[in-house]
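Please read the structure below before turning to the comments.
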Amino acid sequence: MKKSNSACIKLLVLDFDGVLTNNTVIVDENGKESVICNRSDGLAIEMFKKKGVEVIVLSREKNKVVKFRCEKLKISCIQGITNKLDVLKKETNKRGLSSTEIGFVGNDINDLECIKYSGLGIVVKDAFPEVKEIADFITQKKGGEGVLHEIYNLLN
C-alpha cells in the first residue's frame with residue numbers, strides 16, 4: 001500500500017451507496033425506496049470494532065434507509081452531505097486523529113477528495129474509473145457484495 005501502513009487505521013469511513021449496497025435503489029409504486037445490503041458487512045464491522053477501529057458512514061444520500069441500516073449496525077452516519085471532505089476533516093479533528101489514521105472506502109466521483117485526504121483510500125471493484133486511478137487499493141468484490149470482509153482481511 002502506498003500512503004499508509006494499514007495497521008495505523010483507527011477510523012474507517014464508508015460511503016453508503018455503492019459500498020454497502022450495489023448502488024441500486026428499488027422504488028415501489030408509493031415512492032418508498034429500498035436497497036439491498038450484504039449481511040457479511042455487518043459482521044465485518046463488528047470485527048473492526050473488536051480491533052479498536054471505529055466505523056462511520058458519510059453519505060450524500062438523505063434517506064431513512066441509510067439511517068436505519070447504520071442504526072442496526074450500531075455505527076454513526078452523517079447524511080445529506082454535499083461536501084464530504086469538510087465533514088471528514090471535522091470528524092478527523094473531533095477524534096484527534098491525523099489523516100494518515102483514516103481509511104476511506106468509496107466508489108463515486110464525490111468520494112475523490114476524501115480518498116486523496118485519507119491515509120488509505122479504498123475503492124470497490126465497480127467504482128468509477130477516475131476514482132480507481134487514485135485509490136491505494138481496489139477490492140476484488142463489487143459494492144454490496146460484502147466488501148468489508150475483504151477490507152478487514154487487508155487491514156489485519
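Lettering and numbering for the C-alpha cells are positional, with chains as A, B, ... in the shown order, residues counted from 1 in each chain, and ligands counted from 1 in the shown order.
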
Proximity of range 23-86 of chain A to range 7-18 of chain A: per-residue shortest pair, 6 Å limit, only C-alpha atoms, as CSV:
residue,atom,partner,partner_atom,distance
A:Asn23,CA,A:Gly18,CA,4.1
A:Val53,CA,A:Lys10,CA,4.7
A:Glu54,CA,A:Leu11,CA,4.8
A:Val55,CA,A:Leu12,CA,4.8
A:Ile56,CA,A:Val13,CA,5.0
A:Val57,CA,A:Leu14,CA,4.7
A:Leu58,CA,A:Asp15,CA,5.4
A:Ser59,CA,A:Asp15,CA,5.5

Can you spit out the residues from that selection as a short mmCIF file (atom, residue, chain, number, x, y, z; two decimals), in the first residue's frame, using C-alpha atoms?
data_model
loop_
_atom_site.label_atom_id
_atom_site.label_comp_id
_atom_site.auth_asym_id
_atom_site.auth_seq_id
_atom_site.Cartn_x
_atom_site.Cartn_y
_atom_site.Cartn_z
CA ASN A 23 -25.64 1.25 -5.92
CA VAL A 53 -11.28 0.58 14.59
CA GLU A 54 -14.27 2.91 14.59
CA VAL A 55 -16.51 2.69 11.51
CA ILE A 56 -18.76 5.51 10.31
CA VAL A 57 -20.78 6.31 7.18
CA LEU A 58 -20.70 9.60 5.28
CA SER A 59 -23.41 9.74 2.65
#

Got a sec: who's within 12 Å of Ile134 in chain A, counting only C-alpha atoms, leaving out chain neighbours fewer than 2 positions off, as a PyMOL selection string?
-> chain A and resi 2-3+106-109+111-118+120-123+127-132+136-138

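Nearest residue to Leu73 in chain A, choosing from A:Thr92, A:Ser98, A:Ser40, A:Thr24 and counting only C-alpha atoms: A:Ser40.
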
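Taking CA of Arg60 in chain A and CA of Leu85 in chain A as the two end points, the separation is 11.4 Å.
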
Quick one: of A:Lys125, A:Phe48, A:Ala135, A:Phe104, who's nearest to Ile75 in chain A, counting only C-alpha atoms?
->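 Comparing A:Lys125, A:Phe48, A:Ala135, A:Phe104 against Ile75 in chain A, the winner is A:Phe48.
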
Using only C-alpha atoms, the residue out of A:Leu148, A:Lys142, A:Asn22, A:Ile45 with shortest distance to Lys74 in chain A is A:Ile45

Members of chain A assigned helix (DSSP H, G or I) by DSSP, as a PyMOL selection string = chain A and resi 6-8+39-50+64-73+84-94+99-101+109-117+129-134+147-155

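Distances to Leu20 in chain A were evaluated for A:Leu97, A:Val105, A:Met47, A:Asn153 using only C-alpha atoms, and the minimum falls at A:Val105.
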